[in-house]
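S.K.: My structure file start.txt, compact mmCIF, C-alpha atoms, is below:
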# COMPACT_ATOMS: atom_id res chain seq x y z
CA MET T 1189 328.42 -14.71 -35.54
CA HIS T 1190 332.01 -14.32 -34.45
CA THR T 1191 333.54 -17.19 -32.51
CA THR T 1192 334.93 -14.90 -29.80
CA TYR T 1193 331.48 -13.97 -28.59
CA ARG T 1194 330.18 -17.52 -28.89
CA LEU T 1195 333.00 -18.43 -26.52
CA THR T 1196 331.96 -15.70 -24.12
CA ILE T 1197 328.46 -17.19 -23.98
CA VAL T 1198 329.60 -20.77 -23.38
CA LEU T 1199 332.31 -19.95 -20.84
CA THR T 1200 330.22 -17.52 -18.86
CA MET T 1201 327.37 -19.99 -18.64
CA ALA T 1202 329.76 -22.75 -17.55
CA CYS T 1203 331.18 -21.10 -14.46
CA ILE T 1204 328.54 -18.78 -13.00
CA SER T 1205 326.64 -20.62 -10.32
CA SER T 1206 323.47 -18.54 -10.37
CA ASN T 1207 320.97 -19.23 -13.15
CA ARG T 1208 319.52 -15.78 -12.66
CA VAL T 1209 322.91 -14.12 -13.13
CA ALA T 1210 323.65 -16.33 -16.11
CA ALA T 1211 320.40 -15.35 -17.77
CA ARG T 1212 321.17 -11.67 -17.32
CA VAL T 1213 324.67 -12.07 -18.73
CA GLN T 1214 323.15 -13.99 -21.67
CA GLU T 1215 320.86 -11.08 -22.42
CA LYS T 1216 323.73 -8.60 -22.29
CA LEU T 1217 325.86 -10.64 -24.64
CA CYS T 1218 322.97 -11.21 -27.00
CA GLN T 1219 322.31 -7.50 -27.15
CA PHE T 1220 325.98 -6.83 -27.86
CA LEU T 1221 326.10 -9.44 -30.60
CA SER T 1222 322.93 -8.11 -32.15
CA ASN T 1223 324.15 -4.51 -32.12
CA ASN T 1224 327.64 -5.24 -33.35
CA ARG T 1225 327.25 -8.20 -35.73
CA ASN T 1226 328.14 -6.21 -38.84
CA TYR T 1227 330.89 -4.20 -37.16
CA TYR T 1228 332.86 -7.27 -36.16
CA GLN T 1229 332.15 -9.31 -39.30
CA GLN T 1230 333.25 -6.80 -41.92
CA SER T 1231 336.80 -8.12 -42.16
CA ARG T 1232 336.86 -11.09 -39.81
CA ARG T 1233 337.43 -14.71 -40.66
CA ARG T 1234 335.22 -17.13 -38.75
CA PHE T 1235 337.36 -19.36 -36.59
CA THR T 1236 335.99 -22.67 -35.39
CA ALA T 1237 336.99 -23.96 -32.00
CA PRO T 1238 336.78 -27.74 -31.63
CA THR T 1239 336.03 -29.44 -28.36
CA ALA T 1240 339.17 -30.22 -26.39
CA THR T 1241 340.01 -31.93 -23.13
CA VAL T 1242 342.52 -31.03 -20.45
CA TYR T 1243 343.74 -32.92 -17.43
CA SER T 1244 343.06 -31.96 -13.84
CA PRO T 1245 346.36 -31.46 -11.95
CA ALA T 1246 344.75 -32.98 -8.87
CA SER T 1247 343.20 -36.15 -10.28
CA GLY T 1248 344.93 -36.53 -13.62
CA GLN T 1249 341.51 -37.21 -15.14
CA PRO T 1250 340.44 -35.62 -18.42
CA GLN T 1251 337.73 -32.97 -18.35
CA THR T 1252 336.38 -30.44 -20.81
CA LEU T 1253 336.96 -26.73 -20.51
CA ARG T 1254 333.24 -26.30 -19.93
CA GLY T 1255 333.81 -27.82 -16.48
CA LEU T 1256 336.62 -25.52 -15.45
CA CYS T 1257 336.81 -22.33 -13.45
CA GLY T 1258 338.72 -20.79 -10.54
CA LYS T 1259 341.81 -18.64 -10.34
CA PHE T 1260 343.73 -20.81 -12.79
CA LEU T 1261 342.19 -22.29 -15.90
CA ARG T 1262 342.84 -25.89 -14.99
CA GLN T 1263 341.22 -25.93 -11.54
CA PRO T 1264 338.08 -28.10 -11.27
CA CYS T 1265 334.79 -26.26 -11.32
CA THR T 1266 332.71 -26.43 -8.16
CA ALA T 1267 329.66 -24.78 -9.67
CA LYS T 1268 326.60 -26.86 -10.49
CA PRO T 1269 326.06 -27.29 -14.24
CA LEU T 1270 323.48 -24.98 -15.73
CA LEU T 1271 320.58 -25.94 -17.93
CA PRO T 1272 321.20 -25.83 -21.68
CA ILE T 1273 321.15 -22.35 -23.18
CA THR T 1274 317.65 -21.65 -24.45
CA HIS T 1275 317.62 -17.92 -25.15
CA PRO T 1276 316.18 -17.44 -28.68
CA CYS T 1277 319.25 -15.69 -30.08
CA MET T 1278 321.58 -18.34 -28.64
CA ARG T 1279 320.05 -21.63 -29.78
CA GLU T 1280 322.23 -22.17 -32.82
CA TYR T 1281 325.35 -21.78 -30.63
CA SER T 1282 324.31 -23.86 -27.64
CA SER T 1283 326.54 -26.79 -28.61
CA VAL T 1284 329.69 -24.76 -29.24
CA HIS T 1285 332.75 -25.78 -27.21
CA THR T 1286 336.02 -23.97 -26.84
CA GLN T 1287 339.56 -25.19 -27.08
CA GLN T 1288 341.91 -25.24 -24.11
CA PRO T 1289 345.50 -24.28 -24.98
CA ALA T 1290 347.69 -27.34 -25.57
CA GLY T 1291 349.83 -27.51 -22.46
CA PRO T 1292 350.01 -25.19 -19.46
CA VAL T 1293 350.74 -21.56 -20.25
CA ARG T 1294 353.12 -21.29 -17.32
CA ASP T 1295 355.34 -24.08 -18.70
CA TYR T 1296 356.24 -21.71 -21.50
CA GLN T 1297 356.96 -18.91 -19.08
CA VAL T 1298 359.78 -20.94 -17.53
CA GLN T 1299 361.36 -21.31 -20.96
CA VAL T 1300 360.46 -18.05 -22.72
CA ASP T 1301 360.40 -14.56 -21.26
CA PRO T 1302 359.15 -12.21 -24.04
CA TYR T 1303 361.11 -9.24 -22.73
CA ILE T 1304 364.37 -11.22 -22.52
CA LEU T 1305 363.73 -12.78 -25.92
CA LEU T 1306 363.39 -9.30 -27.45
CA GLU T 1307 365.94 -7.56 -25.24
CA ASP T 1308 368.07 -6.29 -28.12
CA GLU T 1309 365.08 -5.10 -30.17
CA LEU T 1310 363.37 -3.34 -27.24
CA LYS T 1311 366.51 -1.79 -25.75
CA PHE T 1312 366.45 1.36 -27.86
CA ILE T 1313 362.70 1.69 -28.52
CA TYR T 1314 362.28 4.77 -26.34
CA ASP T 1315 365.58 6.29 -27.48
CA ASP T 1316 364.49 6.02 -31.09
CA ILE T 1317 361.08 7.55 -30.35
CA ARG T 1318 362.68 10.48 -28.52
CA GLN T 1319 365.00 10.98 -31.49
CA LEU T 1320 362.05 11.10 -33.89
CA LEU T 1321 360.31 13.68 -31.72
CA ALA T 1322 363.47 15.78 -31.34
CA ASN T 1323 364.13 15.76 -35.08
CA GLY T 1324 360.67 17.16 -35.79
CA THR T 1325 360.93 20.42 -33.85
CA LYS T 1326 363.34 23.15 -32.82
CA GLN T 1327 361.22 24.11 -29.81
CA PRO T 1328 362.79 22.60 -26.66
CA GLU T 1329 359.61 22.94 -24.58
CA LEU T 1330 357.51 21.06 -27.12
CA ASP T 1331 360.13 18.33 -27.23
CA SER T 1332 360.19 18.11 -23.42
CA ILE T 1333 356.42 17.77 -23.12
CA ALA T 1334 356.11 15.31 -26.01
CA SER T 1335 358.95 13.15 -24.66
CA TYR T 1336 357.71 13.12 -21.06
CA TYR T 1337 356.20 9.63 -21.12
CA PHE T 1338 359.00 8.11 -23.23
CA ASP T 1339 361.34 7.74 -20.28
CA GLY T 1340 361.50 3.95 -20.40
CA GLN T 1341 359.25 3.50 -17.37
CA GLY T 1342 356.26 2.08 -19.26
CA LYS T 1343 355.49 -1.61 -19.79
CA ALA T 1344 356.19 -1.32 -23.54
CA LEU T 1345 353.51 -3.98 -24.00
CA ARG T 1346 352.47 -2.78 -27.43
CA PRO T 1347 355.97 -2.70 -28.96
CA MET T 1348 356.78 -6.01 -27.32
CA VAL T 1349 353.71 -7.80 -28.70
CA THR T 1350 354.15 -6.16 -32.11
CA LEU T 1351 357.77 -7.31 -32.37
CA LEU T 1352 356.86 -10.81 -31.17
CA MET T 1353 354.16 -11.14 -33.79
CA ALA T 1354 356.50 -9.81 -36.48
CA LYS T 1355 359.14 -12.42 -35.64
CA ALA T 1356 356.61 -15.22 -35.27
CA ILE T 1357 355.04 -14.45 -38.66
CA ASN T 1358 358.40 -14.03 -40.38
CA TYR T 1359 359.41 -17.43 -39.03
CA HIS T 1360 356.08 -18.94 -40.08
CA ILE T 1361 356.04 -17.77 -43.71
CA GLN T 1362 359.76 -17.93 -44.51
CA ASN T 1363 360.12 -21.68 -44.21
CA LYS T 1364 361.31 -21.38 -40.61
CA GLU T 1365 364.67 -20.07 -41.81
CA ASN T 1366 364.48 -16.36 -41.12
CA SER T 1367 362.90 -14.56 -38.19
CA SER T 1368 364.75 -11.26 -38.51
CA ILE T 1369 362.55 -8.22 -38.12
CA LEU T 1370 362.13 -6.03 -41.15
CA HIS T 1371 362.97 -2.39 -40.52
CA ASN T 1372 359.43 -1.31 -41.32
CA GLN T 1373 357.97 -3.85 -38.89
CA ARG T 1374 360.04 -2.31 -36.10
CA GLN T 1375 358.79 1.11 -37.15
CA VAL T 1376 355.24 -0.13 -36.57
CA ALA T 1377 356.27 -1.04 -33.01
CA LEU T 1378 357.50 2.51 -32.47
CA ILE T 1379 354.37 3.98 -34.03
CA SER T 1380 352.10 1.88 -31.80
CA GLU T 1381 353.81 3.19 -28.66
CA MET T 1382 353.69 6.78 -29.93
CA ILE T 1383 349.96 6.59 -30.59
CA HIS T 1384 349.39 5.00 -27.19
CA SER T 1385 351.39 7.67 -25.36
CA ALA T 1386 349.68 10.46 -27.28
CA SER T 1387 346.35 9.06 -26.09
CA LEU T 1388 347.67 9.10 -22.49
CA VAL T 1389 348.64 12.75 -22.86
CA HIS T 1390 345.17 13.64 -24.11
CA ASP T 1391 343.50 11.48 -21.43
CA ASP T 1392 345.43 13.27 -18.70
CA VAL T 1393 344.13 16.63 -19.92
CA ILE T 1394 340.54 15.37 -20.22
CA ASP T 1395 340.56 13.52 -16.88
CA GLN T 1396 342.71 16.04 -14.99
CA SER T 1397 344.88 13.21 -13.69
CA ASP T 1398 347.40 13.92 -10.95
CA CYS T 1399 349.84 11.07 -11.49
CA ARG T 1400 350.71 8.32 -13.94
CA ARG T 1401 353.39 5.62 -13.83
CA GLY T 1402 354.32 6.68 -10.33
CA LYS T 1403 355.17 10.29 -11.20
CA PRO T 1404 353.26 13.55 -11.72
CA SER T 1405 351.16 13.42 -14.87
CA VAL T 1406 352.16 15.67 -17.72
CA ASN T 1407 349.23 18.05 -17.26
CA VAL T 1408 350.35 18.78 -13.68
CA LEU T 1409 353.74 20.06 -14.84
CA PHE T 1410 352.83 21.91 -18.01
CA ASN T 1411 350.16 24.26 -19.32
CA HIS T 1412 347.04 22.33 -20.44
CA LYS T 1413 346.91 23.95 -23.86
CA LYS T 1414 350.56 23.15 -24.50
CA VAL T 1415 350.05 19.58 -23.32
CA THR T 1416 347.14 19.12 -25.72
CA MET T 1417 349.23 20.42 -28.61
CA ALA T 1418 352.11 18.14 -27.58
CA GLY T 1419 349.76 15.17 -27.84
CA ASP T 1420 348.80 16.32 -31.33
CA TYR T 1421 352.48 16.69 -32.16
CA ILE T 1422 353.22 13.07 -31.18
CA LEU T 1423 350.40 11.91 -33.47
CA ALA T 1424 351.76 14.08 -36.29
CA ILE T 1425 355.23 12.54 -36.00
CA ALA T 1426 353.64 9.08 -35.88
CA SER T 1427 351.68 9.92 -39.04
CA ILE T 1428 354.89 10.93 -40.81
CA ALA T 1429 356.41 7.59 -39.80
CA ILE T 1430 353.35 5.80 -41.18
CA ALA T 1431 353.69 7.64 -44.50
CA ARG T 1432 357.35 6.60 -44.75
CA LEU T 1433 356.29 2.94 -44.73
CA LYS T 1434 354.85 3.50 -48.24
CA HIS T 1435 352.31 0.69 -47.92
CA ASP T 1436 348.68 1.60 -48.58
CA ASP T 1437 347.09 -1.28 -46.67
CA VAL T 1438 349.32 -0.67 -43.66
CA THR T 1439 348.45 3.04 -43.75
CA ILE T 1440 344.75 2.17 -43.74
CA SER T 1441 345.17 -0.30 -40.89
CA LEU T 1442 347.16 2.09 -38.68
CA SER T 1443 344.84 5.00 -39.49
CA LYS T 1444 341.91 2.97 -38.17
CA ILE T 1445 343.60 3.12 -34.76
CA LEU T 1446 343.20 6.89 -34.70
CA THR T 1447 339.58 6.88 -35.84
CA ASP T 1448 338.76 4.21 -33.27
CA LEU T 1449 340.51 6.13 -30.48
CA VAL T 1450 338.47 9.27 -31.13
CA GLN T 1451 335.19 7.35 -31.36
CA GLY T 1452 336.02 5.39 -28.21
CA GLU T 1453 336.74 8.56 -26.28
CA LEU T 1454 333.43 10.07 -27.35
CA MET T 1455 331.62 6.85 -26.37
CA GLN T 1456 333.22 7.05 -22.94
CA LEU T 1457 331.67 10.49 -22.43
CA GLY T 1458 328.20 9.03 -22.97
CA SER T 1459 326.04 6.39 -21.34
CA LYS T 1460 323.13 4.10 -22.17
CA GLU T 1461 319.75 3.76 -20.48
CA THR T 1462 319.24 0.00 -20.43
CA GLU T 1463 321.58 -2.56 -18.90
CA ASN T 1464 321.98 -4.57 -22.11
CA GLU T 1465 322.83 -1.51 -24.18
CA ARG T 1466 325.24 -0.37 -21.47
CA PHE T 1467 327.29 -3.55 -21.58
CA ALA T 1468 327.43 -3.54 -25.39
CA HIS T 1469 328.46 0.13 -25.24
CA TYR T 1470 331.25 -0.72 -22.80
CA LEU T 1471 332.65 -3.59 -24.90
CA THR T 1472 332.64 -1.58 -28.12
CA LYS T 1473 334.26 1.39 -26.35
CA THR T 1474 336.93 -0.93 -24.91
CA TYR T 1475 337.74 -2.31 -28.35
CA ARG T 1476 338.05 1.16 -29.85
CA LYS T 1477 340.08 2.74 -27.05
CA THR T 1478 342.43 -0.15 -26.27
CA ALA T 1479 342.19 -3.27 -28.43
CA SER T 1480 342.08 -1.62 -31.86
CA LEU T 1481 345.62 -0.28 -31.43
CA ILE T 1482 347.13 -3.68 -30.70
CA ALA T 1483 345.00 -5.50 -33.28
CA ASN T 1484 345.78 -3.15 -36.15
CA ALA T 1485 349.48 -2.86 -35.29
CA LEU T 1486 349.79 -6.65 -35.40
CA LYS T 1487 347.88 -6.78 -38.66
CA ALA T 1488 350.25 -4.14 -40.06
CA VAL T 1489 353.39 -6.20 -39.35
CA ALA T 1490 351.71 -9.18 -40.99
CA LEU T 1491 350.96 -7.13 -44.10
CA LEU T 1492 354.55 -5.89 -44.21
CA ALA T 1493 355.71 -9.52 -44.20
CA ASN T 1494 353.45 -10.18 -47.21
CA ALA T 1495 351.40 -12.62 -45.15
CA ASP T 1496 348.21 -13.97 -46.69
CA GLU T 1497 344.75 -12.96 -45.51
CA ASN T 1498 344.50 -15.90 -43.12
CA ILE T 1499 347.73 -15.05 -41.25
CA SER T 1500 346.88 -11.33 -41.22
CA GLU T 1501 343.54 -12.16 -39.67
CA ILE T 1502 345.17 -14.37 -37.03
CA ALA T 1503 347.44 -11.46 -36.11
CA PHE T 1504 344.51 -9.06 -35.94
CA GLN T 1505 342.33 -11.33 -33.84
CA TYR T 1506 345.18 -12.21 -31.49
CA GLY T 1507 345.79 -8.50 -30.87
CA ARG T 1508 342.09 -7.80 -30.40
CA ASN T 1509 341.72 -10.48 -27.76
CA ILE T 1510 344.90 -9.49 -25.92
CA GLY T 1511 343.78 -5.86 -25.98
CA LEU T 1512 340.33 -6.63 -24.59
CA ALA T 1513 341.81 -8.85 -21.87
CA PHE T 1514 344.36 -6.19 -20.96
CA GLN T 1515 341.67 -3.55 -20.45
CA LEU T 1516 339.41 -5.90 -18.50
CA VAL T 1517 342.28 -6.65 -16.12
CA ASP T 1518 343.05 -2.94 -15.91
CA ASP T 1519 339.44 -2.27 -14.93
CA LEU T 1520 339.65 -5.02 -12.32
CA LEU T 1521 342.92 -3.71 -10.86
CA ASP T 1522 341.30 -0.31 -10.38
CA PHE T 1523 339.28 -2.00 -7.61
CA VAL T 1524 341.85 -4.31 -6.03
CA SER T 1525 345.33 -2.84 -6.46
CA THR T 1526 347.00 -0.11 -4.42
CA ALA T 1527 347.87 3.32 -5.76
CA GLU T 1528 351.56 2.59 -5.12
CA THR T 1529 351.43 -0.59 -7.21
CA MET T 1530 349.42 0.92 -10.03
CA GLY T 1531 351.36 4.19 -10.15
CA LYS T 1532 348.06 6.06 -10.33
CA PRO T 1533 345.03 6.50 -8.04
CA THR T 1534 342.71 3.53 -7.57
CA ALA T 1535 338.93 3.76 -8.03
CA ALA T 1536 339.84 6.38 -10.63
CA ASP T 1537 337.17 5.23 -13.10
CA LEU T 1538 334.37 5.62 -10.55
CA LYS T 1539 335.61 9.11 -9.69
CA LEU T 1540 335.51 9.94 -13.39
CA GLY T 1541 331.93 8.69 -13.59
CA LEU T 1542 332.79 5.57 -15.60
CA ALA T 1543 331.03 2.24 -15.18
CA THR T 1544 333.49 -0.50 -16.15
CA ALA T 1545 332.99 -4.26 -16.31
CA PRO T 1546 333.15 -4.93 -12.52
CA VAL T 1547 330.38 -2.37 -11.92
CA LEU T 1548 328.25 -3.61 -14.81
CA PHE T 1549 328.49 -7.19 -13.58
CA ALA T 1550 327.77 -6.06 -10.00
CA CYS T 1551 324.47 -4.59 -11.22
CA GLU T 1552 323.19 -8.15 -11.51
CA LYS T 1553 323.14 -8.51 -7.75
CA TYR T 1554 322.72 -4.88 -6.76
CA PRO T 1555 320.30 -3.04 -9.08
CA GLU T 1556 320.70 0.09 -6.95
CA LEU T 1557 323.90 0.67 -8.91
CA ASN T 1558 321.87 1.54 -12.03
CA PRO T 1559 320.78 5.04 -10.95
CA MET T 1560 324.33 5.73 -9.75
CA ILE T 1561 325.63 4.80 -13.20
CA MET T 1562 323.13 7.10 -14.90
CA ARG T 1563 324.17 10.05 -12.73
CA ARG T 1564 327.84 9.06 -13.22
CA PHE T 1565 328.47 8.61 -9.48
CA GLN T 1566 328.18 12.36 -8.92
CA GLU T 1567 326.17 12.41 -5.70
CA PRO T 1568 327.99 12.35 -2.34
CA GLY T 1569 328.79 8.80 -1.29
CA ASP T 1570 328.18 7.26 -4.74
CA VAL T 1571 331.82 6.33 -5.36
CA GLU T 1572 332.26 4.75 -1.93
CA LYS T 1573 328.97 2.85 -2.13
CA ALA T 1574 329.62 1.56 -5.65
CA PHE T 1575 333.14 0.46 -4.64
CA GLU T 1576 331.68 -1.47 -1.71
CA LEU T 1577 328.95 -3.15 -3.77
CA VAL T 1578 331.41 -4.28 -6.43
CA HIS T 1579 333.47 -6.04 -3.78
CA LYS T 1580 330.37 -7.66 -2.28
CA SER T 1581 329.23 -8.96 -5.68
CA GLN T 1582 330.74 -11.38 -8.19
CA GLY T 1583 331.72 -8.48 -10.42
CA LEU T 1584 335.46 -8.87 -9.99
CA GLU T 1585 335.38 -12.64 -10.52
CA GLN T 1586 333.20 -12.32 -13.62
CA THR T 1587 335.48 -9.63 -15.04
CA ARG T 1588 338.54 -11.83 -14.55
CA PHE T 1589 336.69 -14.75 -16.14
CA LEU T 1590 335.85 -12.69 -19.22
CA ALA T 1591 339.49 -11.56 -19.45
CA ARG T 1592 340.58 -15.20 -19.16
CA LYS T 1593 338.26 -16.14 -22.00
CA HIS T 1594 339.92 -13.59 -24.29
CA CYS T 1595 343.38 -14.82 -23.28
CA ILE T 1596 342.38 -18.40 -24.11
CA GLU T 1597 341.24 -17.32 -27.56
CA ALA T 1598 344.47 -15.35 -28.12
CA ILE T 1599 346.51 -18.42 -27.15
CA ARG T 1600 344.52 -20.60 -29.52
CA LEU T 1601 345.21 -18.18 -32.36
CA ALA T 1602 348.93 -18.03 -31.56
CA GLN T 1603 349.08 -21.80 -31.77
CA GLU T 1604 348.03 -21.64 -35.44
CA LEU T 1605 351.47 -20.22 -36.25
CA ALA T 1606 354.55 -22.39 -36.72
CA GLU T 1607 356.16 -23.34 -33.43
CA SER T 1608 359.08 -21.10 -32.53
CA PRO T 1609 360.34 -19.23 -29.46
CA TYR T 1610 358.39 -16.19 -30.66
CA GLN T 1611 355.16 -18.14 -31.08
CA LYS T 1612 355.62 -19.60 -27.60
CA ALA T 1613 356.23 -16.11 -26.25
CA LEU T 1614 352.91 -15.00 -27.76
CA VAL T 1615 351.31 -17.72 -25.65
CA VAL T 1616 353.13 -16.43 -22.55
CA VAL T 1617 351.84 -12.91 -23.20
CA GLY T 1618 348.31 -14.15 -22.46
CA ASP T 1619 349.49 -15.32 -19.05
CA LEU T 1620 351.34 -12.05 -18.38
CA VAL T 1621 348.27 -9.98 -19.25
CA LEU T 1622 345.93 -12.06 -17.11
CA ASN T 1623 348.16 -12.16 -14.04
CA ARG T 1624 349.73 -8.72 -14.06
CA MET T 1625 349.55 -6.62 -10.92
CA LYS T 1626 349.90 -3.16 -12.51
Write out the structure in this file as structure tokens.
M.R.:
Amino acid sequence: MHTTYRLTIVLTMACISSNRVAARVQEKLCQFLSNNRNYYQQSRRRFTAPTATVYSPASGQPQTLRGLCGKFLRQPCTAKPLLPITHPCMREYSSVHTQQPAGPVRDYQVQVDPYILLEDELKFIYDDIRQLLANGTKQPELDSIASYYFDGQGKALRPMVTLLMAKAINYHIQNKENSSILHNQRQVALISEMIHSASLVHDDVIDQSDCRRGKPSVNVLFNHKKVTMAGDYILAIASIAIARLKHDDVTISLSKILTDLVQGELMQLGSKETENERFAHYLTKTYRKTASLIANALKAVALLANADENISEIAFQYGRNIGLAFQLVDDLLDFVSTAETMGKPTAADLKLGLATAPVLFACEKYPELNPMIMRRFQEPGDVEKAFELVHKSQGLEQTRFLARKHCIEAIRLAQELAESPYQKALVVVGDLVLNRMK
């Protein structure tokens, strides 16, 4: 069974004060592991996570991660310890511990800002994408629609992480002498942002969004049919860029992003009857719609650097964990951030009939959410009631804790690479993802 989900079990059990809630979360995770064992083990290396100690900033005394919780990872846990895990499908993992990152994440942030570190490489990312799109057509309207979201106003998270991993791996495998980015690795960064933006274009048509990134969404300004075709056009140009890499394994890896995106979107249109199946459904959908893109892009730059299977797997797993954490935080912000901060309406997922992690966790305390989920919050008052119940439950705290768990695992993986400014910046990315406000 994959270490990531063993960590979920241990960490969730460590910091949830209610045995009843813990038992329900156990069941959900067990169901997910059971349903997805083969899916996640097909090409994954099993990482082991030794027990580690950290030091409380208040007392200076050592303590294990199992005894930590709160807003920051190193705050002492006030919850009473739970009984040992005894669920049948968990017994062989009941003694597993996780590893706390060596040193505070925020210490790195003082020294290394990923965006400043990559300022020269990121400066012309959007210009180069717009040039690729313009070169592919002689129809000005198509170019205008396709280029709409490449105005430099996005977070550029995917290109940034891709370029960081490329430099960190180059430094790691080239005897610490050369961290220059290969041209093809930078192309992967462009491709990742193109695929992401194409998915936003399609999402806006499907969801009938009114705004994104603080401005009118593309489907508000242009004909829906033309917008859909513009999204397809972006993917076509990205596919041409993939072909130009002339690397079969990279082509396979990047193509998986597209197959996962389509499957994730179809999963989002459906729902599951039982609570356990619903949570497994949500996690798999989240991987396919969000994390697969980052994971496979990072694996691609590793392959282009001729990295061995171990390093390629580290890159993949780092991206998967960062992607899952990013989406979990995004789902959380939908309940706590303002529309002005987010640049898009809040409670948008509920209005679209989607039950994300905060709602699924809230079901533990408020079972009346279950029928609302099944009818996709379509009855009058459902959205408002569900929003209220999520805030009254531990759903938001549990969602942040799960995101934190994935960031911890990503940091642990980054620390397997040779120490460099780029490796340290990969550690900082975990902190940026967890504490972002939009």
S.K.: Sort by chain and increasing residue number a table of all residues of segment 1464-1548 of chain T within 9 Å of segment 1571-1586 of chain T, each with its closest pair of atoms and their distance in Å to one decimal, counting all atoms listed in the file, and write it as CSV.
M.R.:
residue,atom,partner,partner_atom,distance
T:Leu1520,CA,T:Leu1584,CA,6.1
T:Phe1523,CA,T:Phe1575,CA,7.3
T:Val1524,CA,T:Leu1584,CA,8.8
T:Ala1535,CA,T:Phe1575,CA,7.5
T:Leu1538,CA,T:Val1571,CA,5.8
T:Lys1539,CA,T:Val1571,CA,6.4
T:Gly1541,CA,T:Val1571,CA,8.6
T:Ala1545,CA,T:Gly1583,CA,7.4
T:Pro1546,CA,T:Gly1583,CA,4.4
T:Val1547,CA,T:Val1578,CA,5.9
T:Leu1548,CA,T:Gly1583,CA,7.4
S.K.: Using all atoms listed in the file, what does the table of segment 1466-1541 of chain T residues within 7 Å of segment 1335-1351 of chain T look like, with each row giving the shortest atom pair and its distance in Å to one decimal, sorted by chain and ascending number, as a tab-separated table?
M.R.:
residue	atom	partner	partner_atom	distance
T:Ile1482	CA	T:Arg1346	CA	6.3
T:Ala1485	CA	T:Thr1350	CA	6.5
T:Leu1486	CA	T:Thr1350	CA	5.5
S.K.: Report, in Å with one decimal, the straight-line distance from atom CA of Met1455 of chain T to atom CA of Arg1563 of chain T.
M.R.: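 One can read the atom CA of Met1455 of chain T to atom CA of Arg1563 of chain T distance as 15.9 Å.
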S.K.: For atom CA of Arg1600 of chain T and atom CA of Val1438 of chain T, determine how far apart the two atoms are, in Å to one decimal place.
M.R.: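 Between atom CA of Arg1600 of chain T and atom CA of Val1438 of chain T the gap is 24.9 Å.
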S.K.: Put a box with edges along x, y and z around all the listed atoms of segment 1330-1347 of chain T, pad it by 4 Å on each side, then give me its centre and sizes in Å, one decimal, as AutoDock Vina command-line options.
M.R.:
--center_x 357.0 --center_y 8.5 --center_z -23.2 --size_x 17.0 --size_y 33.0 --size_z 19.6
S.K.: Tell me, in Å to one decimal, how far atom CA of Leu1471 of chain T is from atom CA of Ile1422 of chain T.
M.R.: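 That distance, rounded to one decimal, is 27.2 Å.
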S.K.: Could you pull the residues within 7 Å of Tyr1610 of chain T, counting only C-alpha atoms, minus those fewer than 2 positions along the same chain, as a list in words?
M.R.: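 The filter keeps Leu1352, Lys1355, Ala1356, Ser1608, Lys1612, Ala1613 and Leu1614 of chain T.
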S.K.: Suppose we keep C-alpha atoms; can you now write the selection as a PDB file, in the frame of the given file?
M.R.:
ATOM      1  CA  LEU T1352     356.860 -10.810 -31.170  1.00  0.00           C
ATOM      2  CA  LYS T1355     359.140 -12.420 -35.640  1.00  0.00           C
ATOM      3  CA  ALA T1356     356.610 -15.220 -35.270  1.00  0.00           C
ATOM      4  CA  SER T1608     359.080 -21.100 -32.530  1.00  0.00           C
ATOM      5  CA  LYS T1612     355.620 -19.600 -27.600  1.00  0.00           C
ATOM      6  CA  ALA T1613     356.230 -16.110 -26.250  1.00  0.00           C
ATOM      7  CA  LEU T1614     352.910 -15.000 -27.760  1.00  0.00           C
TER       8      LEU T1614
END
S.K.: With only C-alpha atoms as the atoms that count, which of T:Gln1505, T:Thr1474, T:Asn1464, T:Asn1623 lies nearest to Leu1521 of chain T?
M.R.: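 Ranked by minimum distance to Leu1521 of chain T, first place goes to T:Asn1623.
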S.K.: Under the rule that all atoms listed in the file are counted, which of T:His1390, T:Phe1514, T:Asp1398, T:Ile1379 is the nearest residue to Ser1443 of chain T?
M.R.: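 Result for the nearest residue to Ser1443 of chain T: T:Ile1379.
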